[in-house]
file work.pdb (PDB, C-alpha atoms, pLDDT in the B column)
ATOM      1  CA  MET A 853      66.484 128.217  65.577  1.00 60.00           C
ATOM      2  CA  HIS A 854      69.102 125.453  65.445  1.00 64.00           C
ATOM      3  CA  PHE A 855      68.265 122.021  64.050  1.00 73.00           C
ATOM      4  CA  ILE A 856      71.693 120.537  64.791  1.00 82.00           C
ATOM      5  CA  PRO A 857      73.449 120.243  68.187  1.00 89.00           C
ATOM      6  CA  GLU A 858      74.699 123.590  69.460  1.00 89.00           C
ATOM      7  CA  GLU A 859      78.289 122.378  69.710  1.00 93.00           C
ATOM      8  CA  LEU A 860      78.244 121.321  66.056  1.00 92.00           C
ATOM      9  CA  ASP A 861      76.527 124.553  65.067  1.00 90.00           C
ATOM     10  CA  ASN A 862      79.254 126.534  66.812  1.00 92.00           C
ATOM     11  CA  TYR A 863      81.866 124.585  64.859  1.00 95.00           C
ATOM     12  CA  VAL A 864      80.100 125.409  61.587  1.00 94.00           C
ATOM     13  CA  VAL A 865      80.049 129.119  62.401  1.00 93.00           C
ATOM     14  CA  LYS A 866      83.677 129.111  63.595  1.00 96.00           C
ATOM     15  CA  HIS A 867      84.832 127.605  60.308  1.00 97.00           C
ATOM     16  CA  SER A 868      82.828 129.974  58.125  1.00 97.00           C
ATOM     17  CA  GLU A 869      83.747 133.472  56.995  1.00 97.00           C
ATOM     18  CA  ASP A 870      84.106 136.082  59.751  1.00 97.00           C
ATOM     19  CA  GLU A 871      81.358 138.647  60.268  1.00 97.00           C
ATOM     20  CA  PRO A 872      82.340 142.114  58.944  1.00 97.00           C
ATOM     21  CA  GLU A 873      82.923 144.762  61.617  1.00 98.00           C
ATOM     22  CA  LEU A 874      80.087 147.012  60.410  1.00 98.00           C
ATOM     23  CA  LEU A 875      77.618 144.154  60.711  1.00 98.00           C
ATOM     24  CA  GLN A 876      78.891 143.383  64.202  1.00 97.00           C
ATOM     25  CA  LYS A 877      78.101 146.984  65.157  1.00 97.00           C
ATOM     26  CA  LEU A 878      74.677 146.766  63.522  1.00 97.00           C
ATOM     27  CA  THR A 879      73.920 143.596  65.477  1.00 96.00           C
ATOM     28  CA  ARG A 880      74.959 145.156  68.798  1.00 96.00           C
ATOM     29  CA  GLU A 881      72.859 148.273  68.244  1.00 96.00           C
ATOM     30  CA  THR A 882      69.885 146.226  67.086  1.00 96.00           C
ATOM     31  CA  TYR A 883      69.970 144.177  70.298  1.00 95.00           C
ATOM     32  CA  GLN A 884      70.379 147.340  72.382  1.00 95.00           C
ATOM     33  CA  LYS A 885      67.656 149.467  70.810  1.00 93.00           C
ATOM     34  CA  ILE A 886      65.259 147.530  68.559  1.00 91.00           C
ATOM     35  CA  LEU A 887      62.375 145.205  69.386  1.00 87.00           C
ATOM     36  CA  GLN A 888      62.567 141.549  68.317  1.00 88.00           C
ATOM     37  CA  PRO A 889      66.327 141.463  67.561  1.00 87.00           C
ATOM     38  CA  ARG A 890      66.075 137.750  66.781  1.00 81.00           C
ATOM     39  CA  MET A 891      64.680 138.829  63.411  1.00 84.00           C
ATOM     40  CA  LEU A 892      68.250 139.601  62.314  1.00 86.00           C
ATOM     41  CA  SER A 893      69.680 137.265  59.700  1.00 87.00           C
ATOM     42  CA  GLY A 894      72.791 137.042  61.869  1.00 90.00           C
ATOM     43  CA  HIS A 895      76.411 136.119  61.265  1.00 94.00           C
ATOM     44  CA  TYR A 896      76.122 132.642  59.734  1.00 95.00           C
ATOM     45  CA  GLN A 897      73.060 133.156  57.564  1.00 95.00           C
ATOM     46  CA  GLY A 898      74.373 136.580  56.598  1.00 97.00           C
ATOM     47  CA  ARG A 899      77.569 135.019  55.239  1.00 97.00           C
ATOM     48  CA  ILE A 900      75.453 132.535  53.293  1.00 97.00           C
ATOM     49  CA  LEU A 901      73.446 135.386  51.750  1.00 98.00           C
ATOM     50  CA  SER A 902      76.684 137.166  50.916  1.00 98.00           C
ATOM     51  CA  MET A 903      78.194 134.075  49.309  1.00 98.00           C
ATOM     52  CA  LEU A 904      75.092 133.351  47.237  1.00 98.00           C
ATOM     53  CA  SER A 905      74.942 136.943  46.044  1.00 98.00           C
ATOM     54  CA  LYS A 906      78.627 136.879  45.100  1.00 98.00           C
ATOM     55  CA  LEU A 907      78.061 133.667  43.131  1.00 98.00           C
ATOM     56  CA  ILE A 908      75.029 135.111  41.324  1.00 98.00           C
ATOM     57  CA  ARG A 909      76.592 138.558  40.715  1.00 98.00           C
ATOM     58  CA  PRO A 910      73.191 140.254  40.410  1.00 98.00           C
ATOM     59  CA  LYS A 911      72.651 143.627  38.792  1.00 98.00           C
ATOM     60  CA  THR A 912      69.288 144.020  40.490  1.00 98.00           C
ATOM     61  CA  ILE A 913      68.169 142.711  43.883  1.00 98.00           C
ATOM     62  CA  LEU A 914      64.786 142.958  45.588  1.00 98.00           C
ATOM     63  CA  GLU A 915      64.495 142.411  49.325  1.00 98.00           C
ATOM     64  CA  ILE A 916      61.061 142.093  50.904  1.00 98.00           C
ATOM     65  CA  GLY A 917      61.509 142.851  54.605  1.00 97.00           C
ATOM     66  CA  THR A 918      64.428 145.108  55.564  1.00 97.00           C
ATOM     67  CA  TYR A 919      64.238 145.090  59.371  1.00 96.00           C
ATOM     68  CA  THR A 920      67.460 146.873  60.467  1.00 97.00           C
ATOM     69  CA  GLY A 921      69.291 146.338  57.180  1.00 97.00           C
ATOM     70  CA  TYR A 922      71.592 143.418  58.027  1.00 97.00           C
ATOM     71  CA  SER A 923      70.541 141.109  55.203  1.00 97.00           C
ATOM     72  CA  ALA A 924      70.454 143.961  52.679  1.00 98.00           C
ATOM     73  CA  LEU A 925      74.099 144.742  53.418  1.00 98.00           C
ATOM     74  CA  CYS A 926      75.019 141.064  53.057  1.00 98.00           C
ATOM     75  CA  LEU A 927      73.241 140.779  49.718  1.00 98.00           C
ATOM     76  CA  ALA A 928      74.753 144.045  48.485  1.00 98.00           C
ATOM     77  CA  GLU A 929      78.229 142.514  48.777  1.00 98.00           C
ATOM     78  CA  GLY A 930      77.582 140.590  45.555  1.00 98.00           C
ATOM     79  CA  LEU A 931      76.076 143.440  43.536  1.00 98.00           C
ATOM     80  CA  GLN A 932      77.682 144.432  40.275  1.00 98.00           C
ATOM     81  CA  LYS A 933      79.365 147.851  40.473  1.00 96.00           C
ATOM     82  CA  ASP A 934      76.441 149.545  38.742  1.00 96.00           C
ATOM     83  CA  GLY A 935      73.866 147.318  40.450  1.00 98.00           C
ATOM     84  CA  VAL A 936      70.907 148.377  42.594  1.00 98.00           C
ATOM     85  CA  LEU A 937      69.258 146.783  45.610  1.00 98.00           C
ATOM     86  CA  HIS A 938      65.631 147.706  46.348  1.00 98.00           C
ATOM     87  CA  THR A 939      64.525 146.905  49.890  1.00 98.00           C
ATOM     88  CA  ILE A 940      60.980 147.223  51.238  1.00 98.00           C
ATOM     89  CA  ASP A 941      59.803 147.553  54.825  1.00 98.00           C
ATOM     90  CA  ILE A 942      56.600 148.760  56.439  1.00 97.00           C
ATOM     91  CA  ASN A 943      58.142 150.076  59.674  1.00 96.00           C
ATOM     92  CA  GLU A 944      58.917 153.768  59.280  1.00 96.00           C
ATOM     93  CA  GLU A 945      60.604 153.859  62.708  1.00 95.00           C
ATOM     94  CA  LEU A 946      63.467 151.755  61.315  1.00 96.00           C
ATOM     95  CA  TYR A 947      64.051 153.840  58.182  1.00 97.00           C
ATOM     96  CA  ASP A 948      66.737 156.145  59.618  1.00 97.00           C
ATOM     97  CA  PHE A 949      68.413 153.262  61.456  1.00 97.00           C
ATOM     98  CA  GLN A 950      68.720 151.345  58.196  1.00 97.00           C
ATOM     99  CA  ARG A 951      69.978 154.389  56.303  1.00 98.00           C
ATOM    100  CA  LYS A 952      72.696 155.064  58.865  1.00 98.00           C
ATOM    101  CA  TYR A 953      74.232 151.644  58.309  1.00 98.00           C
ATOM    102  CA  PHE A 954      73.666 151.658  54.558  1.00 98.00           C
ATOM    103  CA  ASP A 955      75.524 154.955  54.279  1.00 98.00           C
ATOM    104  CA  ALA A 956      78.322 153.684  56.541  1.00 98.00           C
ATOM    105  CA  SER A 957      78.942 150.882  54.033  1.00 98.00           C
ATOM    106  CA  GLU A 958      80.441 151.064  50.566  1.00 97.00           C
ATOM    107  CA  TYR A 959      77.058 150.108  49.103  1.00 98.00           C
ATOM    108  CA  GLY A 960      74.944 152.974  50.418  1.00 97.00           C
ATOM    109  CA  HIS A 961      74.544 154.642  47.027  1.00 97.00           C
ATOM    110  CA  GLN A 962      73.315 151.340  45.561  1.00 98.00           C
ATOM    111  CA  ILE A 963      70.588 150.665  48.141  1.00 98.00           C
ATOM    112  CA  LYS A 964      67.130 152.156  47.610  1.00 98.00           C
ATOM    113  CA  GLN A 965      64.674 152.024  50.512  1.00 98.00           C
ATOM    114  CA  HIS A 966      60.928 151.741  49.995  1.00 98.00           C
ATOM    115  CA  LEU A 967      58.560 152.390  52.889  1.00 98.00           C
ATOM    116  CA  GLY A 968      55.102 150.848  52.983  1.00 98.00           C
ATOM    117  CA  PRO A 969      53.226 147.594  52.292  1.00 98.00           C
ATOM    118  CA  ALA A 970      55.217 145.451  49.887  1.00 98.00           C
ATOM    119  CA  LEU A 971      52.084 144.352  48.029  1.00 98.00           C
ATOM    120  CA  ASN A 972      51.514 148.003  47.094  1.00 98.00           C
ATOM    121  CA  ILE A 973      55.145 148.792  46.279  1.00 98.00           C
ATOM    122  CA  ILE A 974      56.212 145.762  44.221  1.00 98.00           C
ATOM    123  CA  PRO A 975      53.882 146.559  41.268  1.00 98.00           C
ATOM    124  CA  THR A 976      55.363 150.091  41.080  1.00 97.00           C
ATOM    125  CA  LEU A 977      58.948 148.871  40.618  1.00 98.00           C
ATOM    126  CA  ASP A 978      59.628 149.253  36.918  1.00 96.00           C
ATOM    127  CA  THR A 979      62.471 146.769  36.706  1.00 97.00           C
ATOM    128  CA  THR A 980      63.226 143.060  36.739  1.00 98.00           C
ATOM    129  CA  PHE A 981      65.438 141.254  39.216  1.00 98.00           C
ATOM    130  CA  ASP A 982      68.277 138.751  39.241  1.00 98.00           C
ATOM    131  CA  LEU A 983      67.914 137.976  42.960  1.00 98.00           C
ATOM    132  CA  ILE A 984      64.951 138.305  45.325  1.00 98.00           C
ATOM    133  CA  PHE A 985      65.120 137.724  49.086  1.00 98.00           C
ATOM    134  CA  MET A 986      61.822 137.189  50.859  1.00 98.00           C
ATOM    135  CA  ASP A 987      61.884 137.673  54.633  1.00 96.00           C
ATOM    136  CA  ALA A 988      58.710 139.546  55.554  1.00 96.00           C
ATOM    137  CA  ASP A 989      55.290 138.558  56.951  1.00 96.00           C
ATOM    138  CA  LYS A 990      54.730 134.890  56.202  1.00 96.00           C
ATOM    139  CA  ASP A 991      50.984 135.381  55.732  1.00 97.00           C
ATOM    140  CA  ASN A 992      51.733 137.126  52.414  1.00 98.00           C
ATOM    141  CA  TYR A 993      54.485 134.847  51.086  1.00 98.00           C
ATOM    142  CA  ILE A 994      52.172 133.348  48.456  1.00 98.00           C
ATOM    143  CA  ASN A 995      50.889 136.790  47.451  1.00 98.00           C
ATOM    144  CA  TYR A 996      54.454 138.084  47.168  1.00 98.00           C
ATOM    145  CA  PHE A 997      55.439 135.108  45.044  1.00 98.00           C
ATOM    146  CA  HIS A 998      52.678 135.766  42.520  1.00 98.00           C
ATOM    147  CA  GLN A 999      53.743 139.405  42.290  1.00 98.00           C
ATOM    148  CA  ILE A1000      57.457 138.781  41.867  1.00 98.00           C
ATOM    149  CA  ILE A1001      57.625 135.703  39.639  1.00 98.00           C
ATOM    150  CA  ASP A1002      57.107 137.707  36.442  1.00 97.00           C
ATOM    151  CA  LYS A1003      59.636 140.304  37.630  1.00 98.00           C
ATOM    152  CA  LEU A1004      62.317 137.637  38.089  1.00 98.00           C
ATOM    153  CA  ASN A1005      64.713 137.293  35.164  1.00 98.00           C
ATOM    154  CA  PRO A1006      65.247 133.847  33.607  1.00 98.00           C
ATOM    155  CA  GLY A1007      67.917 132.130  35.681  1.00 98.00           C
ATOM    156  CA  GLY A1008      67.128 134.481  38.555  1.00 98.00           C
ATOM    157  CA  ILE A1009      66.953 133.313  42.158  1.00 98.00           C
ATOM    158  CA  ILE A1010      64.340 133.641  44.892  1.00 98.00           C
ATOM    159  CA  LEU A1011      65.599 133.090  48.444  1.00 98.00           C
ATOM    160  CA  SER A1012      62.786 132.446  50.938  1.00 98.00           C
ATOM    161  CA  ASP A1013      63.536 132.598  54.656  1.00 97.00           C
ATOM    162  CA  ASN A1014      61.866 130.870  57.642  1.00 96.00           C
ATOM    163  CA  VAL A1015      60.348 128.098  55.544  1.00 97.00           C
ATOM    164  CA  LEU A1016      60.745 125.528  58.348  1.00 96.00           C
ATOM    165  CA  TRP A1017      58.893 127.865  60.698  1.00 95.00           C
ATOM    166  CA  SER A1018      60.494 126.662  63.932  1.00 92.00           C
ATOM    167  CA  GLY A1019      59.777 123.060  62.954  1.00 92.00           C
ATOM    168  CA  LYS A1020      56.009 123.605  62.847  1.00 95.00           C
ATOM    169  CA  VAL A1021      55.912 122.401  59.236  1.00 95.00           C
ATOM    170  CA  ILE A1022      56.168 118.765  60.402  1.00 95.00           C
ATOM    171  CA  GLU A1023      53.936 119.066  63.472  1.00 95.00           C
ATOM    172  CA  PRO A1024      50.186 118.387  63.496  1.00 96.00           C
ATOM    173  CA  LEU A1025      48.548 121.535  62.157  1.00 95.00           C
ATOM    174  CA  ASN A1026      46.466 123.577  64.574  1.00 94.00           C
ATOM    175  CA  PRO A1027      43.362 124.581  62.571  1.00 92.00           C
ATOM    176  CA  LYS A1028      43.628 128.064  64.073  1.00 95.00           C
ATOM    177  CA  ASP A1029      47.270 128.506  63.035  1.00 96.00           C
ATOM    178  CA  GLU A1030      46.787 130.308  59.735  1.00 97.00           C
ATOM    179  CA  THR A1031      50.446 131.337  59.379  1.00 97.00           C
ATOM    180  CA  THR A1032      51.789 127.779  59.521  1.00 97.00           C
ATOM    181  CA  LYS A1033      49.109 126.729  57.033  1.00 97.00           C
ATOM    182  CA  ILE A1034      50.303 129.402  54.600  1.00 98.00           C
ATOM    183  CA  VAL A1035      53.969 128.432  55.055  1.00 98.00           C
ATOM    184  CA  LEU A1036      53.030 124.816  54.251  1.00 98.00           C
ATOM    185  CA  GLU A1037      51.117 125.940  51.159  1.00 98.00           C
ATOM    186  CA  TYR A1038      54.002 128.162  50.106  1.00 98.00           C
ATOM    187  CA  ASN A1039      56.532 125.341  50.393  1.00 98.00           C
ATOM    188  CA  THR A1040      54.262 123.163  48.246  1.00 98.00           C
ATOM    189  CA  LEU A1041      53.908 125.970  45.714  1.00 98.00           C
ATOM    190  CA  LEU A1042      57.686 126.283  45.376  1.00 98.00           C
ATOM    191  CA  LYS A1043      58.005 122.525  44.900  1.00 98.00           C
ATOM    192  CA  GLU A1044      55.232 122.200  42.324  1.00 98.00           C
ATOM    193  CA  ASP A1045      55.400 125.413  40.257  1.00 98.00           C
ATOM    194  CA  ASP A1046      56.972 124.330  36.956  1.00 97.00           C
ATOM    195  CA  ARG A1047      58.442 127.792  36.306  1.00 98.00           C
ATOM    196  CA  ILE A1048      61.079 127.249  38.982  1.00 98.00           C
ATOM    197  CA  GLU A1049      63.347 124.574  40.423  1.00 98.00           C
ATOM    198  CA  THR A1050      63.733 124.529  44.191  1.00 98.00           C
ATOM    199  CA  VAL A1051      65.988 123.222  46.932  1.00 98.00           C
ATOM    200  CA  LEU A1052      65.070 123.689  50.600  1.00 98.00           C
ATOM    201  CA  LEU A1053      68.088 124.035  52.873  1.00 96.00           C
ATOM    202  CA  SER A1054      67.906 123.259  56.601  1.00 91.00           C
ATOM    203  CA  ILE A1055      69.875 126.404  57.460  1.00 90.00           C
ATOM    204  CA  ARG A1056      68.752 128.072  60.681  1.00 89.00           C
ATOM    205  CA  ASP A1057      64.940 128.319  60.299  1.00 92.00           C
ATOM    206  CA  GLY A1058      64.976 127.060  56.728  1.00 95.00           C
ATOM    207  CA  LEU A1059      66.108 128.808  53.540  1.00 97.00           C
ATOM    208  CA  THR A1060      64.749 127.880  50.131  1.00 98.00           C
ATOM    209  CA  ILE A1061      66.625 128.544  46.899  1.00 98.00           C
ATOM    210  CA  SER A1062      64.351 128.694  43.853  1.00 98.00           C
ATOM    211  CA  ARG A1063      65.743 129.258  40.342  1.00 98.00           C
ATOM    212  CA  LYS A1064      63.560 130.477  37.482  1.00 98.00           C
ATOM    213  CA  LYS A1065      63.892 128.213  34.461  1.00 97.00           C
TER     214      LYS A1065
END
call {"tool": "encode", "arguments": {"input": "work.pdb", "output": "structure tokens"}}
result
Amino acid sequence: MHFIPEELDNYVVKHSEDEPELLQKLTRETYQKILQPRMLSGHYQGRILSMLSKLIRPKTILEIGTYTGYSALCLAEGLQKDGVLHTIDINEELYDFQRKYFDASEYGHQIKQHLGPALNIIPTLDTTFDLIFMDADKDNYINYFHQIIDKLNPGGIILSDNVLWSGKVIEPLNPKDETTKIVLEYNTLLKEDDRIETVLLSIRDGLTISRKK
């Protein structure tokens, strides 16, 4: 999803950091073998995730929604040397695919995969987090938020993806469109919850940065 002219978008990408070779390979194999390859964070957003992680220098990261592992590898680039990234996904068919690329990177030993529903797994994680990336089923964004907010360290960051939802957030709401309704409610929650401060960026399909006070 591009909200600026394609020619200008291409210029933005061209003048941003190059995509690492391993992630290029991951992208190619995802498009060749995996359903819904558009779910990848992709080159530009991936470099944004990498940059934010490097600025934050987290010791602990939680990712909700692994897909084929692209965004996890981008976020891992900013981990402290003894840091750990926990990533959760419900699709067991992608587990080995993810692990192959994790182990091919220099961060493989720092990435812990969790398989199953995130709402069941998050309460079992006996740690707190400096950075949380939310990119899973939108219908549970609000539920995830309520589970993770107390696990986020003061000054910690929540990154929420797809918060513009292909532009549906400013269109008349179809009463039957429950997912868009939840995305709208989630965006309002991030704006109004006094435990965090939030900026919504019009990057790709929308990326919100929320900082715990």
call {"tool": "resolve_selection", "arguments": {"input": "work.pdb", "expression": "the PyMOL selection byres ((chain A and resi 1034-1046) around 8)", "output": "JSON, numbers by chain"}}
result
{"A": [990, 991, 993, 994, 1015, 1017, 1021, 1030, 1031, 1032, 1033, 1047, 1048, 1049, 1050, 1062]}
call {"tool": "residues_around", "arguments": {"input": "work.pdb", "residues": "Tyr947 (chain A)", "least_positions_apart": "6", "cutoff": "12 Å", "atoms": "all atoms listed in the file", "output": "PyMOL selection string"}}
result
chain A and resi 917-921+939-941+953-954+964-968
call {"tool": "closest_residue", "arguments": {"input": "work.pdb", "among": "A:Asp989, A:Asp1002, A:Glu958, A:Glu915", "to": "Ile973 (chain A)", "atoms": "all atoms listed in the file"}}
result
A:Glu915
call {"tool": "atom_distance", "arguments": {"input": "work.pdb", "atom1": "CA of Lys911 (chain A)", "atom2": "CA of Gln932 (chain A)"}}
result
5.3 Å
call {"tool": "closest_residue", "arguments": {"input": "work.pdb", "among": "A:Met986, A:Leu925, A:Ile916, A:Ala956", "to": "Ile974 (chain A)", "atoms": "only C-alpha atoms"}}
result
A:Ile916
call {"tool": "closest_residue", "arguments": {"input": "work.pdb", "among": "A:Ile886, A:Cys926, A:Leu892, A:Ile1000", "to": "Thr976 (chain A)", "atoms": "only C-alpha atoms"}}
result
A:Ile1000
call {"tool": "closest_residue", "arguments": {"input": "work.pdb", "among": "A:Leu977, A:Ala928, A:Leu1025, A:Leu983", "to": "His961 (chain A)", "atoms": "all atoms listed in the file"}}
result
A:Ala928
call {"tool": "resolve_selection", "arguments": {"input": "work.pdb", "expression": "the PyMOL selection byres ((chain A and resi 982) around 10)", "output": "PyMOL selection string"}}
result
chain A and resi 905+908-914+980-981+983-984+1003-1010+1063-1064
call {"tool": "atom_distance", "arguments": {"input": "work.pdb", "atom1": "CA of Thr879 (chain A)", "atom2": "CA of Asn972 (chain A)"}}
result
29.3 Å
call {"tool": "resolve_selection", "arguments": {"input": "work.pdb", "expression": "the PyMOL selection byres ((chain A and resi 891) around 10)", "output": "list in words"}}
result
Thr882, Leu887, Gln888, Pro889, Arg890, Leu892, Ser893, Gly894, Tyr919, Thr920, Tyr922, Asp987 and Ala988 of chain A
call {"tool": "write_last_selection", "arguments": {"input": "work.pdb", "atoms": "C-alpha atoms", "output": "compact mmCIF listing (two decimals), keeping the file's coordinate frame"}}
result
# COMPACT_ATOMS: atom_id res chain seq x y z
CA THR A 882 69.89 146.23 67.09
CA LEU A 887 62.38 145.21 69.39
CA GLN A 888 62.57 141.55 68.32
CA PRO A 889 66.33 141.46 67.56
CA ARG A 890 66.08 137.75 66.78
CA LEU A 892 68.25 139.60 62.31
CA SER A 893 69.68 137.26 59.70
CA GLY A 894 72.79 137.04 61.87
CA TYR A 919 64.24 145.09 59.37
CA THR A 920 67.46 146.87 60.47
CA TYR A 922 71.59 143.42 58.03
CA ASP A 987 61.88 137.67 54.63
CA ALA A 988 58.71 139.55 55.55
call {"tool": "axis_aligned_box", "arguments": {"input": "work.pdb", "around": "region 944-953 of chain A", "padding_each_side": "8 Å", "output": "lines of an AutoDock Vina configuration file"}}
result
center_x = 66.6
center_y = 153.7
center_z = 59.5
size_x = 31.3
size_y = 20.8
size_z = 22.4
call {"tool": "atom_distance", "arguments": {"input": "work.pdb", "atom1": "CA of Glu858 (chain A)", "atom2": "CA of Gly898 (chain A)"}}
result
18.3 Å
call {"tool": "closest_residue", "arguments": {"input": "work.pdb", "among": "A:Leu971, A:Gly935, A:Leu878, A:Ile900", "to": "Gln950 (chain A)", "atoms": "only C-alpha atoms"}}
result
A:Leu878
call {"tool": "residues_around", "arguments": {"input": "work.pdb", "residues": "Gln897 (chain A)", "least_positions_apart": "3", "cutoff": "12 Å", "atoms": "all atoms listed in the file", "output": "VMD selection string"}}
result
chain A and resid 853 to 854 861 864 to 865 868 to 871 891 to 894 900 to 904 922 to 923 926 to 927 1011 1013 to 1014 1053 to 1059
call {"tool": "closest_residue", "arguments": {"input": "work.pdb", "among": "A:Ala970, A:Pro1024, A:Leu860, A:Ile963", "to": "Asn995 (chain A)", "atoms": "all atoms listed in the file"}}
result
A:Ala970
